[in-house]
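Raw run-v4.txt, compact mmCIF, C-alpha atoms:
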# COMPACT_ATOMS: atom_id res chain seq x y z
CA MET A 15 10.95 -7.12 8.12
CA ALA A 16 10.69 -3.39 8.93
CA GLY A 17 10.43 -3.91 12.69
CA ARG A 18 8.29 -6.54 14.40
CA ILE A 19 4.97 -4.98 15.44
CA GLY A 20 4.37 -5.73 19.07
CA SER A 21 1.38 -5.63 21.30
CA ARG A 22 2.22 -2.08 22.25
CA LEU A 23 0.18 -0.94 19.25
CA MET A 24 -2.98 -2.01 21.07
CA LYS A 25 -2.28 0.12 24.11
CA GLY A 26 -3.68 3.10 22.23
CA CYS A 27 -0.85 5.39 23.26
CA LEU A 28 1.97 5.89 20.82
CA THR A 29 5.30 7.18 22.10
CA GLN A 30 5.97 10.84 21.48
CA LYS A 31 9.71 10.71 21.95
CA LYS A 32 11.82 12.79 19.61
CA LEU A 33 14.18 11.05 17.24
CA LYS A 34 17.79 11.25 18.27
CA SER A 35 18.98 12.29 14.83
CA MET A 36 17.61 13.45 11.52
CA VAL A 37 20.37 11.73 9.56
CA THR A 38 22.11 8.40 9.15
CA PRO A 39 20.28 6.21 11.67
CA VAL A 40 21.45 2.68 12.25
CA ALA A 41 19.14 0.71 9.99
CA ASN A 42 18.85 -2.67 11.61
CA CYS A 43 15.21 -3.13 12.55
CA ARG A 44 12.98 -3.79 9.56
CA HIS A 45 10.85 -6.82 10.43
CA PHE A 46 7.13 -6.19 10.69
CA CYS A 47 4.63 -8.91 11.47
CA SER A 48 0.87 -8.90 11.53
CA SER A 49 0.53 -11.17 14.54
CA SER A 50 2.57 -12.59 17.40
CA SER A 51 3.18 -16.29 17.99
CA SER A 52 4.57 -16.10 21.50
CA ALA A 53 3.69 -18.49 24.29
CA THR A 54 1.91 -15.66 26.02
CA ASP A 55 -0.48 -15.31 23.09
CA LYS A 56 -1.31 -19.00 23.31
CA SER A 57 -2.02 -18.89 27.01
CA LYS A 58 -4.52 -16.08 27.04
CA ILE A 59 -6.98 -14.30 24.81
CA SER A 60 -5.66 -10.86 23.84
CA SER A 61 -7.69 -7.72 24.26
CA SER A 62 -7.75 -7.52 20.46
CA SER A 63 -9.28 -11.00 20.22
CA ARG A 64 -11.93 -10.12 22.79
CA MET A 65 -12.77 -7.00 20.83
CA GLU A 66 -12.97 -9.03 17.61
CA ARG A 67 -15.48 -11.42 19.19
CA LEU A 68 -17.55 -8.55 20.55
CA LEU A 69 -17.56 -6.85 17.15
CA THR A 70 -18.50 -10.12 15.48
CA GLY A 71 -21.53 -10.51 17.73
CA THR A 72 -22.64 -7.00 16.88
CA LEU A 73 -22.17 -7.37 13.14
CA ILE A 74 -23.77 -10.80 12.87
CA GLY A 75 -26.69 -9.47 14.88
CA LEU A 76 -27.08 -6.65 12.39
CA VAL A 77 -27.56 -9.10 9.53
CA GLY A 78 -30.05 -11.21 11.43
CA GLY A 79 -27.65 -13.81 12.80
CA ALA A 80 -26.58 -14.64 16.29
CA TYR A 81 -23.28 -14.69 18.08
CA VAL A 82 -21.69 -18.10 17.75
CA SER A 83 -18.58 -19.11 19.66
CA THR A 84 -16.15 -21.39 17.85
CA LEU A 85 -12.84 -23.03 18.53
CA ASP A 86 -11.98 -22.95 14.84
CA GLU A 87 -10.20 -19.63 14.38
CA GLY A 88 -10.23 -19.94 10.59
CA THR A 89 -14.00 -20.41 10.45
CA PHE A 90 -14.53 -17.64 12.97
CA SER A 91 -12.30 -15.34 10.91
CA GLY A 92 -14.32 -16.10 7.79
CA TRP A 93 -17.57 -15.25 9.55
CA LEU A 94 -16.11 -11.99 10.74
CA PHE A 95 -15.06 -10.94 7.23
CA THR A 96 -18.52 -11.80 5.89
CA ALA A 97 -20.24 -9.93 8.72
CA SER A 98 -18.09 -6.85 8.09
CA LYS A 99 -20.12 -6.21 4.91
CA ALA A 100 -22.90 -4.94 7.16
CA ALA A 101 -20.84 -1.82 7.87
CA ASN A 102 -20.46 -0.82 4.21
CA PRO A 103 -23.84 0.98 3.88
CA PHE A 104 -23.05 3.01 6.99
CA PHE A 105 -19.70 4.16 5.61
CA ALA A 106 -21.37 5.02 2.30
CA LEU A 107 -23.56 7.56 4.08
CA LEU A 108 -20.59 9.47 5.45
CA ASP A 109 -18.50 12.15 3.82
CA PRO A 110 -15.65 10.33 2.03
CA GLU A 111 -12.90 11.85 4.14
CA VAL A 112 -14.83 11.25 7.38
CA ALA A 113 -15.37 7.63 6.34
CA HIS A 114 -11.67 7.29 5.57
CA ARG A 115 -10.72 8.73 8.94
CA LEU A 116 -13.12 6.39 10.72
CA ALA A 117 -11.75 3.36 8.84
CA ILE A 118 -8.20 4.22 9.86
CA SER A 119 -9.28 4.69 13.47
CA ALA A 120 -11.05 1.31 13.48
CA ALA A 121 -8.03 -0.48 12.02
CA ALA A 122 -5.70 1.23 14.50
CA ARG A 123 -7.83 0.01 17.41
CA GLY A 124 -8.24 -3.55 16.21
CA LEU A 125 -11.93 -3.09 15.34
CA VAL A 126 -11.53 -4.88 12.02
CA PRO A 127 -11.44 -8.57 11.11
CA ARG A 128 -8.18 -10.45 11.48
CA GLU A 129 -7.31 -13.08 8.92
CA LYS A 130 -6.53 -16.41 10.56
CA ARG A 131 -6.72 -18.59 7.44
CA PRO A 132 -3.45 -19.28 5.60
CA ASP A 133 -3.10 -18.06 2.05
CA GLN A 134 -3.18 -20.64 -0.71
CA GLN A 135 0.28 -21.84 -1.63
CA ILE A 136 -0.10 -20.83 -5.26
CA LEU A 137 -0.26 -17.16 -4.18
CA GLY A 138 3.05 -17.13 -2.33
CA LEU A 139 6.14 -15.57 -3.91
CA GLU A 140 9.49 -13.99 -3.14
CA VAL A 141 10.47 -10.55 -4.41
CA TRP A 142 13.65 -8.63 -3.49
CA GLY A 143 14.48 -11.44 -1.07
CA ARG A 144 11.24 -10.77 0.84
CA LYS A 145 8.61 -13.48 1.13
CA PHE A 146 5.06 -12.43 0.34
CA SER A 147 2.25 -14.76 1.41
CA ASN A 148 0.18 -13.29 -1.42
CA PRO A 149 0.69 -10.55 -4.04
CA ILE A 150 -2.25 -8.32 -3.03
CA GLY A 151 -1.24 -5.12 -1.24
CA LEU A 152 -2.78 -1.90 -0.02
CA SER A 153 -1.47 1.14 -1.87
CA ALA A 154 -0.15 4.34 -0.37
CA GLY A 155 -2.74 7.00 0.39
CA PHE A 156 -4.87 4.92 2.73
CA ASP A 157 -2.69 4.88 5.84
CA LYS A 158 -0.73 8.04 5.16
CA ASN A 159 0.65 8.38 8.69
CA ALA A 160 1.37 4.77 9.76
CA GLU A 161 -1.46 4.81 12.27
CA ALA A 162 -2.92 1.38 11.53
CA VAL A 163 -0.14 -0.82 10.15
CA GLU A 164 -0.83 -3.86 12.30
CA GLY A 165 -4.58 -3.76 11.80
CA LEU A 166 -4.24 -3.44 8.02
CA LEU A 167 -1.66 -6.21 7.73
CA GLY A 168 -3.93 -8.36 9.85
CA LEU A 169 -6.67 -8.08 7.23
CA GLY A 170 -4.69 -10.47 5.05
CA PHE A 171 -2.87 -8.13 2.70
CA GLY A 172 0.42 -9.48 1.42
CA PHE A 173 1.91 -6.05 2.03
CA VAL A 174 0.88 -2.55 3.08
CA GLU A 175 2.39 0.71 1.84
CA ILE A 176 2.16 3.81 4.02
CA GLY A 177 2.48 7.45 2.94
CA SER A 178 3.14 9.52 1.07
CA VAL A 179 5.13 11.07 3.91
CA THR A 180 6.58 14.57 3.57
CA PRO A 181 9.39 16.06 5.71
CA LEU A 182 7.14 18.64 7.39
CA PRO A 183 3.51 18.27 8.43
CA GLN A 184 1.10 19.92 6.02
CA GLU A 185 -2.66 20.36 5.82
CA GLY A 186 -2.97 19.57 2.15
CA ASN A 187 -5.49 21.20 -0.13
CA PRO A 188 -8.75 22.81 1.10
CA LYS A 189 -11.74 20.59 1.84
CA PRO A 190 -13.83 19.11 0.35
CA ARG A 191 -11.13 17.23 -1.55
CA MET A 192 -12.45 13.66 -1.86
CA PHE A 193 -15.42 12.74 -4.04
CA ARG A 194 -17.17 9.45 -4.77
CA LEU A 195 -18.41 8.38 -8.19
CA ARG A 196 -20.37 5.42 -6.87
CA ASP A 197 -21.94 4.26 -10.12
CA GLN A 198 -18.51 4.02 -11.71
CA GLY A 199 -16.73 2.59 -8.66
CA ALA A 200 -14.35 5.53 -8.68
CA ILE A 201 -12.96 8.26 -6.43
CA ILE A 202 -11.53 11.68 -7.20
CA ASN A 203 -9.15 13.17 -4.67
CA ARG A 204 -7.06 16.30 -4.54
CA CYS A 205 -5.70 15.89 -1.01
CA GLY A 206 -2.22 17.17 -1.77
CA PHE A 207 0.01 15.09 0.52
CA ASN A 208 -1.81 15.98 3.73
CA GLY A 209 0.00 14.31 6.59
CA ASP A 210 1.75 14.45 9.95
CA GLY A 211 5.30 14.66 8.63
CA LEU A 212 8.44 12.55 9.04
CA VAL A 213 8.99 12.91 12.78
CA ALA A 214 5.48 11.81 13.75
CA VAL A 215 5.51 8.86 11.36
CA ALA A 216 8.99 7.78 12.45
CA ASN A 217 7.89 7.92 16.07
CA ARG A 218 4.91 5.70 15.32
CA LEU A 219 6.96 3.16 13.42
CA ASP A 220 9.59 3.19 16.15
CA ALA A 221 6.93 2.51 18.76
CA GLN A 222 5.80 -0.48 16.70
CA THR A 223 9.30 -1.89 16.48
CA THR A 224 10.84 -4.31 18.95
CA SER A 225 14.56 -4.42 19.58
CA SER A 226 14.70 -8.22 19.57
CA ASN A 227 13.30 -11.20 17.68
CA LYS A 228 13.93 -9.52 14.33
CA VAL A 229 12.61 -12.43 12.29
CA LYS A 230 11.18 -12.15 8.78
CA HIS A 231 7.45 -12.74 8.66
CA ALA A 232 5.71 -13.73 5.45
CA GLN A 233 2.76 -11.46 6.19
CA GLY A 234 4.63 -8.42 7.43
CA ILE A 235 5.86 -6.57 4.35
CA LEU A 236 5.84 -2.80 4.80
CA GLY A 237 6.41 -0.28 2.04
CA VAL A 238 7.20 3.36 2.81
CA ASN A 239 6.22 5.98 0.24
CA ILE A 240 7.96 9.36 0.49
CA GLY A 241 7.09 12.72 -1.08
CA LYS A 242 8.00 16.40 -1.03
CA ASN A 243 6.41 19.35 0.71
CA LYS A 244 4.34 21.67 -1.45
CA ALA A 245 6.44 24.73 -0.60
CA SER A 246 9.80 23.00 -0.89
CA GLU A 247 12.24 24.42 -3.44
CA ASP A 248 14.62 21.46 -3.22
CA ALA A 249 12.69 18.29 -4.00
CA ALA A 250 15.73 16.02 -3.80
CA ALA A 251 16.53 17.26 -0.29
CA ASP A 252 13.00 16.37 0.83
CA TYR A 253 13.29 12.83 -0.49
CA VAL A 254 16.73 12.41 1.09
CA LYS A 255 15.29 13.42 4.46
CA GLY A 256 12.57 10.83 3.98
CA VAL A 257 15.14 8.13 3.34
CA HIS A 258 17.27 9.05 6.36
CA MET A 259 14.28 9.06 8.68
CA LEU A 260 12.18 6.15 7.44
CA ALA A 261 14.33 3.72 5.44
CA GLN A 262 15.22 1.77 8.55
CA TYR A 263 11.59 0.73 8.96
CA ALA A 264 10.91 -0.13 5.32
CA ASP A 265 10.90 -3.40 3.42
CA TYR A 266 10.88 -1.25 0.32
CA LEU A 267 10.98 2.49 -0.37
CA VAL A 268 8.93 4.38 -2.93
CA ILE A 269 9.76 7.75 -4.50
CA ASN A 270 6.41 9.31 -5.38
CA VAL A 271 6.84 11.70 -8.29
CA SER A 272 3.41 11.20 -9.81
CA SER A 273 0.70 12.69 -7.60
CA PRO A 274 -1.27 15.22 -9.65
CA ASN A 275 -2.15 17.24 -6.55
CA THR A 276 1.25 18.75 -5.73
CA PRO A 277 2.24 21.50 -8.22
CA GLY A 278 5.31 20.62 -10.27
CA LEU A 279 5.71 17.13 -8.85
CA ARG A 280 5.11 15.27 -12.11
CA GLN A 281 7.90 17.25 -13.77
CA LEU A 282 10.28 15.08 -11.79
CA GLN A 283 9.35 12.20 -14.12
CA GLY A 284 11.40 13.81 -16.92
CA ARG A 285 14.49 11.82 -17.87
CA ASN A 286 17.14 14.19 -16.53
CA GLN A 287 15.16 15.21 -13.46
CA LEU A 288 14.37 11.61 -12.55
CA LYS A 289 17.94 10.47 -13.09
CA ASP A 290 19.27 13.22 -10.82
CA LEU A 291 16.67 12.50 -8.14
CA VAL A 292 17.16 8.73 -8.10
CA GLU A 293 20.94 9.10 -7.93
CA LYS A 294 20.67 11.35 -4.87
CA VAL A 295 18.12 9.16 -3.11
CA LYS A 296 20.13 6.00 -3.78
CA ALA A 297 23.25 7.68 -2.43
CA ALA A 298 21.39 8.71 0.72
CA ARG A 299 20.13 5.16 1.23
CA ASP A 300 23.48 3.54 0.56
CA GLU A 301 25.40 5.80 2.97
CA MET A 302 23.37 4.45 5.87
CA GLN A 303 24.49 1.51 7.97
CA TRP A 304 22.80 -1.74 6.97
CA GLY A 305 22.88 -5.27 8.32
CA LYS A 306 23.30 -8.49 6.39
CA ASP A 307 19.99 -8.03 4.56
CA GLY A 308 21.24 -4.82 3.00
CA PRO A 309 19.21 -1.69 2.24
CA PRO A 310 15.52 -1.73 1.29
CA PRO A 311 14.75 -1.86 -2.43
CA LEU A 312 14.05 1.48 -4.09
CA LEU A 313 11.04 1.97 -6.39
CA VAL A 314 9.52 4.91 -8.27
CA LYS A 315 5.75 5.43 -8.63
CA ILE A 316 4.76 6.87 -12.00
CA ALA A 317 1.64 8.42 -13.53
CA PRO A 318 -0.67 6.84 -16.10
CA ASP A 319 -0.79 10.09 -18.09
CA LEU A 320 2.52 9.59 -19.89
CA SER A 321 3.50 9.61 -23.55
CA LYS A 322 5.42 6.77 -25.12
CA GLN A 323 8.55 8.92 -25.05
CA ASP A 324 8.03 9.58 -21.34
CA LEU A 325 7.78 5.84 -20.70
CA GLU A 326 10.89 5.14 -22.74
CA ASP A 327 12.81 7.72 -20.72
CA ILE A 328 11.62 6.31 -17.38
CA ALA A 329 12.42 2.76 -18.44
CA ALA A 330 15.90 3.83 -19.52
CA VAL A 331 16.57 5.53 -16.17
CA ALA A 332 15.22 2.51 -14.28
CA LEU A 333 17.52 0.14 -16.16
CA ASP A 334 20.59 2.42 -16.19
CA LEU A 335 20.43 3.15 -12.46
CA ARG A 336 19.26 -0.36 -11.56
CA LEU A 337 16.09 0.68 -9.83
CA ASP A 338 14.53 -2.18 -7.92
CA GLY A 339 11.06 -1.63 -9.30
CA LEU A 340 8.30 0.67 -10.55
CA ILE A 341 4.73 1.16 -9.36
CA ILE A 342 2.27 1.62 -12.22
CA SER A 343 0.32 3.71 -11.70
CA ASN A 344 -0.87 6.68 -9.69
CA THR A 345 -4.23 8.39 -10.29
CA THR A 346 -5.10 9.99 -13.62
CA ILE A 347 -6.01 13.58 -14.42
CA SER A 348 -7.93 12.36 -17.47
CA ARG A 349 -11.63 11.58 -17.37
CA PRO A 350 -12.47 8.40 -19.31
CA GLU A 351 -15.75 8.47 -21.21
CA VAL A 352 -17.46 6.20 -18.70
CA VAL A 353 -17.33 8.91 -15.99
CA GLN A 354 -18.03 11.99 -18.09
CA THR A 355 -21.80 11.83 -17.55
CA ASN A 356 -21.28 12.04 -13.80
CA PRO A 357 -21.24 15.70 -12.69
CA VAL A 358 -18.67 14.83 -10.01
CA SER A 359 -16.18 14.06 -12.79
CA LYS A 360 -15.74 17.80 -13.27
CA GLU A 361 -14.01 18.07 -9.91
CA SER A 362 -10.26 18.56 -10.22
CA GLY A 363 -7.86 15.96 -8.86
CA GLY A 364 -6.71 12.44 -9.51
CA LEU A 365 -9.21 9.78 -10.56
CA SER A 366 -8.84 6.27 -9.17
CA GLY A 367 -10.98 3.14 -9.29
CA LYS A 368 -12.50 1.04 -12.07
CA PRO A 369 -12.29 3.67 -14.85
CA LEU A 370 -8.50 3.77 -14.41
CA PHE A 371 -8.04 0.05 -15.02
CA SER A 372 -7.57 -0.01 -18.80
CA LEU A 373 -5.34 3.07 -18.91
CA SER A 374 -3.05 1.85 -16.12
CA ASN A 375 -2.91 -1.63 -17.64
CA ASP A 376 -1.79 -0.24 -20.99
CA ILE A 377 1.00 1.70 -19.28
CA LEU A 378 1.92 -1.37 -17.22
CA LYS A 379 2.20 -3.62 -20.26
CA GLU A 380 4.23 -1.08 -22.21
CA THR A 381 6.62 -0.60 -19.28
CA TYR A 382 7.07 -4.35 -18.88
CA ILE A 383 8.05 -4.58 -22.55
CA LEU A 384 10.39 -1.58 -22.34
CA THR A 385 12.15 -2.95 -19.27
CA LYS A 386 12.22 -6.45 -20.80
CA GLY A 387 10.81 -7.88 -17.57
CA ALA A 388 14.11 -7.12 -15.86
CA ILE A 389 12.67 -5.36 -12.81
CA PRO A 390 9.60 -6.13 -10.70
CA LEU A 391 6.54 -3.99 -11.39
CA ILE A 392 3.66 -3.32 -8.99
CA GLY A 393 0.36 -2.97 -10.80
CA CYS A 394 -2.01 -0.43 -9.29
CA GLY A 395 -5.16 1.16 -10.67
CA GLY A 396 -8.74 -0.04 -10.90
CA VAL A 397 -8.36 -3.50 -9.37
CA SER A 398 -11.67 -4.62 -7.85
CA SER A 399 -11.62 -8.39 -8.30
CA GLY A 400 -9.32 -11.39 -8.52
CA GLU A 401 -9.78 -11.37 -12.29
CA ASP A 402 -8.55 -7.76 -12.39
CA ALA A 403 -5.50 -8.67 -10.31
CA TYR A 404 -4.83 -11.58 -12.64
CA LYS A 405 -4.96 -9.28 -15.67
CA LYS A 406 -2.44 -6.98 -13.99
CA ILE A 407 -0.11 -9.92 -13.46
CA ARG A 408 -0.49 -11.10 -17.06
CA ALA A 409 0.28 -7.50 -18.14
CA GLY A 410 3.60 -7.60 -16.29
CA ALA A 411 2.93 -6.99 -12.60
CA THR A 412 4.65 -9.15 -10.02
CA LEU A 413 2.64 -7.57 -7.20
CA VAL A 414 -0.73 -5.80 -7.23
CA GLN A 415 -2.18 -3.00 -5.10
CA ILE A 416 -5.76 -1.94 -4.40
CA TYR A 417 -7.26 1.23 -2.93
CA SER A 418 -10.62 2.49 -4.21
CA ALA A 419 -12.22 -0.96 -4.35
CA PHE A 420 -11.18 -1.49 -0.73
CA ALA A 421 -12.75 1.85 0.21
CA TYR A 422 -16.04 0.68 -1.33
CA GLY A 423 -15.95 -3.03 -0.52
CA GLY A 424 -14.29 -3.09 2.88
CA PRO A 425 -12.39 -6.00 4.46
CA ALA A 426 -14.51 -8.74 2.83
CA LEU A 427 -13.03 -7.83 -0.55
CA ILE A 428 -9.54 -9.03 0.40
CA PRO A 429 -10.19 -12.79 0.82
CA GLN A 430 -12.52 -12.60 -2.19
CA ILE A 431 -9.78 -11.19 -4.45
CA LYS A 432 -7.25 -13.75 -3.24
CA ALA A 433 -9.60 -16.68 -3.80
CA GLU A 434 -10.55 -15.46 -7.28
CA LEU A 435 -6.90 -14.88 -8.21
CA ALA A 436 -5.95 -18.41 -7.15
CA HIS A 437 -8.84 -19.75 -9.23
CA CYS A 438 -7.68 -17.78 -12.30
CA LEU A 439 -4.14 -19.13 -12.01
CA GLU A 440 -5.30 -22.72 -11.63
CA ARG A 441 -7.89 -22.35 -14.41
CA ASP A 442 -5.22 -21.35 -16.91
CA GLY A 443 -2.71 -23.96 -15.82
CA PHE A 444 -0.26 -21.75 -13.95
CA LYS A 445 1.41 -23.27 -10.90
CA SER A 446 2.67 -19.97 -9.47
CA ILE A 447 2.45 -16.20 -9.80
CA TYR A 448 5.87 -16.18 -11.48
CA GLU A 449 4.63 -18.23 -14.42
CA ALA A 450 1.81 -15.78 -15.14
CA VAL A 451 3.82 -12.54 -14.95
CA GLY A 452 3.90 -10.90 -18.39
CA ALA A 453 1.97 -13.72 -20.06
CA ASP A 454 0.15 -11.21 -22.26
CA CYS A 455 3.38 -9.47 -23.28
CA GLN A 456 4.91 -12.36 -25.19
In structure tokens, write the structure found in this file.
Amino acid sequence: MAGRIGSRLMKGCLTQKKLKSMVTPVANCRHFCSSSSSATDKSKISSSSRMERLLTGTLIGLVGGAYVSTLDEGTFSGWLFTASKAANPFFALLDPEVAHRLAISAAARGLVPREKRPDQQILGLEVWGRKFSNPIGLSAGFDKNAEAVEGLLGLGFGFVEIGSVTPLPQEGNPKPRMFRLRDQGAIINRCGFNGDGLVAVANRLDAQTTSSNKVKHAQGILGVNIGKNKASEDAAADYVKGVHMLAQYADYLVINVSSPNTPGLRQLQGRNQLKDLVEKVKAARDEMQWGKDGPPPLLVKIAPDLSKQDLEDIAAVALDLRLDGLIISNTTISRPEVVQTNPVSKESGGLSGKPLFSLSNDILKETYILTKGAIPLIGCGGVSSGEDAYKKIRAGATLVQIYSAFAYGGPALIPQIKAELAHCLERDGFKSIYEAVGADCQ
């Protein structure tokens, strides 16, 4: 869904046309795919494929190998993912934000591996009427501006979430604002919703959308995460603008009220404030014109730094207003004991990565119990292995997102996590993801 990504993405020139309207677009083009299966693709090698083979030769050469041509695309794809590890030490030498920018640029230009091997059947599932080839997704914050959707989906993620996107472009907080805690596998950021704004992102997504062949693709799930501008005095109005501009491209929408880097944002998680906000955003979504598939599901992303009463209030709002899901969780402002010896831990901002795992899992499990498993939950925070993803699922997550581990481990981490997750399911006798969801909450 969310608009079928065409080969135009590889032309390197995104359309700059202005949107015809800021409100109530016709929402009928939400089918993204990570690859094309047209006859044209079969008859010739795409420029992306040629670039992949060139990059493979370079990377394999770096690790002492040699370029090997193969007719087996799956085997070739596996080699490419393995060879991509050679780039990790180079990225580690760069400033974190420079490395991030370079990674986005590489993915946008097709200079990353492309997964050609099918996911194991045990990993497939259907959520909100959308088919996911696997439950491992990339969280918001990586591709904030929808610059590299096709390249990231092509890595083998079951879904990719862009954003957070604010109505107006904004610089975010002063640099430096991203910090690595390498020994702890963590990152602190205080970016503050830096981004290009709704119009630029909508233009990019529109350029990646074809007007025909709107066919669901199991590997093309796109989430759109929306936020508010720092200087905005009407938060609800900002989120409504986000819905009107971007909902037509989304397989699911996320209201981000939990970033610690925008002053006052987390106050929107209060029971009354959240209820009012969700009601307005739902109304904005539902007033738009939708086809037979209906509107995209609406989720809320919450913080891990919540009291039990806070969680009870959020769960009550989610159930009363029939939210389609919750993402648990965003980064934490706390500093777990494991990072306190690292001087970087004194930097302000949200902490993500391995030290967040236990805290976010506790919140995830509690939320699953409070919502009685009635709505899908996306587990996010500290996942760096298939075993971690499995623990998220057992704690109540239907889907799982990664971020910091991907920043450290690169593309090779994705097939590794999926293989390990499949092994965990089979080891414990589960025949599907569904059977394992909430297994530790019984």
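Compared by their closest atoms to Ala160 of chain A, and using all atoms listed in the file, the residues A:Gln198, A:Asn148, A:Asn217, A:Thr381 rank with A:Asn217 nearest.
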Exercise for the section: Excluding segment 273-275 of chain A and any residue of its chain fewer than 6 positions from it, enumerate the residues within 8 Å of it, using all atoms listed in the file, and give them as a ChimeraX atom specification. Expected result: /A:204-207,317,344-347,363-364
Padded axis-aligned box of segment 97-114 of chain A (5 Å per side), centre and edge lengths, Å, one decimal, as lines of an AutoDock Vina configuration file:
center_x = -17.8
center_y = 1.1
center_z = 5.4
size_x = 22.2
size_y = 32.1
size_z = 16.7
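Atom CA of Gly393 of chain A to atom CA of Ile416 of chain A spans 8.9 Å [interatomic distance, one decimal].
We find atom CA of Leu313 of chain A and atom CA of Asp248 of chain A to be spaced 20.1 Å apart.
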Practice task
For Gly186 of chain A, please output as JSON, numbers by chain all residues within 12 Å (counting all atoms listed in the file; exclusion window: fewer than 2 positions along the same chain).
Solution key: {"A": [178, 179, 180, 182, 183, 184, 188, 189, 190, 191, 192, 203, 204, 205, 206, 207, 208, 209, 210, 211, 242, 243, 244, 245, 275, 276, 277]}
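Rounded to one decimal, atom CA of Glu301 of chain A and atom CA of Ala251 of chain A lie 14.9 Å from each other.
Closest to Arg299 of chain A among A:Ala100, A:Ala214, A:Val257, A:Val163 is A:Val257, based on all atoms listed in the file.
With distances restricted to all atoms listed in the file, A:Ser343 is the closest residue to Lys379 of chain A from A:Ser343, A:Ser98, A:Asn187, A:Ser153.
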Could I get segment 194-206 of chain A rebuilt with N, CA, C and O atoms, written as a compact mmCIF listing (two decimals), in the frame of the given file?
# COMPACT_ATOMS: atom_id res chain seq x y z
N ARG A 194 -16.83 10.78 -4.27
CA ARG A 194 -17.17 9.45 -4.77
C ARG A 194 -17.92 9.55 -6.10
O ARG A 194 -18.76 10.42 -6.29
N LEU A 195 -17.61 8.61 -6.98
CA LEU A 195 -18.41 8.38 -8.19
C LEU A 195 -18.91 6.94 -8.06
O LEU A 195 -18.33 6.00 -8.61
N ARG A 196 -19.95 6.76 -7.27
CA ARG A 196 -20.37 5.42 -6.87
C ARG A 196 -20.73 4.53 -8.05
O ARG A 196 -20.35 3.37 -8.10
N ASP A 197 -21.48 5.07 -8.99
CA ASP A 197 -21.94 4.26 -10.12
C ASP A 197 -20.77 3.73 -10.94
O ASP A 197 -20.89 2.68 -11.59
N GLN A 198 -19.68 4.44 -10.93
CA GLN A 198 -18.51 4.02 -11.71
C GLN A 198 -17.44 3.33 -10.83
O GLN A 198 -16.39 2.94 -11.34
N GLY A 199 -17.71 3.20 -9.55
CA GLY A 199 -16.73 2.59 -8.66
C GLY A 199 -15.43 3.36 -8.61
O GLY A 199 -14.34 2.78 -8.58
N ALA A 200 -15.53 4.67 -8.59
CA ALA A 200 -14.35 5.53 -8.68
C ALA A 200 -14.32 6.57 -7.57
O ALA A 200 -15.33 6.81 -6.89
N ILE A 201 -13.16 7.18 -7.40
CA ILE A 201 -12.96 8.26 -6.43
C ILE A 201 -12.08 9.32 -7.08
O ILE A 201 -11.13 9.01 -7.80
N ILE A 202 -12.41 10.58 -6.83
CA ILE A 202 -11.53 11.68 -7.20
C ILE A 202 -11.02 12.30 -5.92
O ILE A 202 -11.78 12.58 -5.00
N ASN A 203 -9.70 12.50 -5.85
CA ASN A 203 -9.15 13.17 -4.67
C ASN A 203 -8.14 14.23 -5.12
O ASN A 203 -7.47 14.08 -6.13
N ARG A 204 -8.07 15.28 -4.34
CA ARG A 204 -7.06 16.30 -4.54
C ARG A 204 -6.48 16.69 -3.17
O ARG A 204 -6.35 17.87 -2.84
N CYS A 205 -6.14 15.67 -2.40
CA CYS A 205 -5.70 15.89 -1.01
C CYS A 205 -4.41 16.69 -0.91
O CYS A 205 -4.28 17.57 -0.06
N GLY A 206 -3.44 16.38 -1.77
CA GLY A 206 -2.22 17.17 -1.77
C GLY A 206 -1.24 16.83 -0.67
O GLY A 206 -0.69 17.72 -0.01
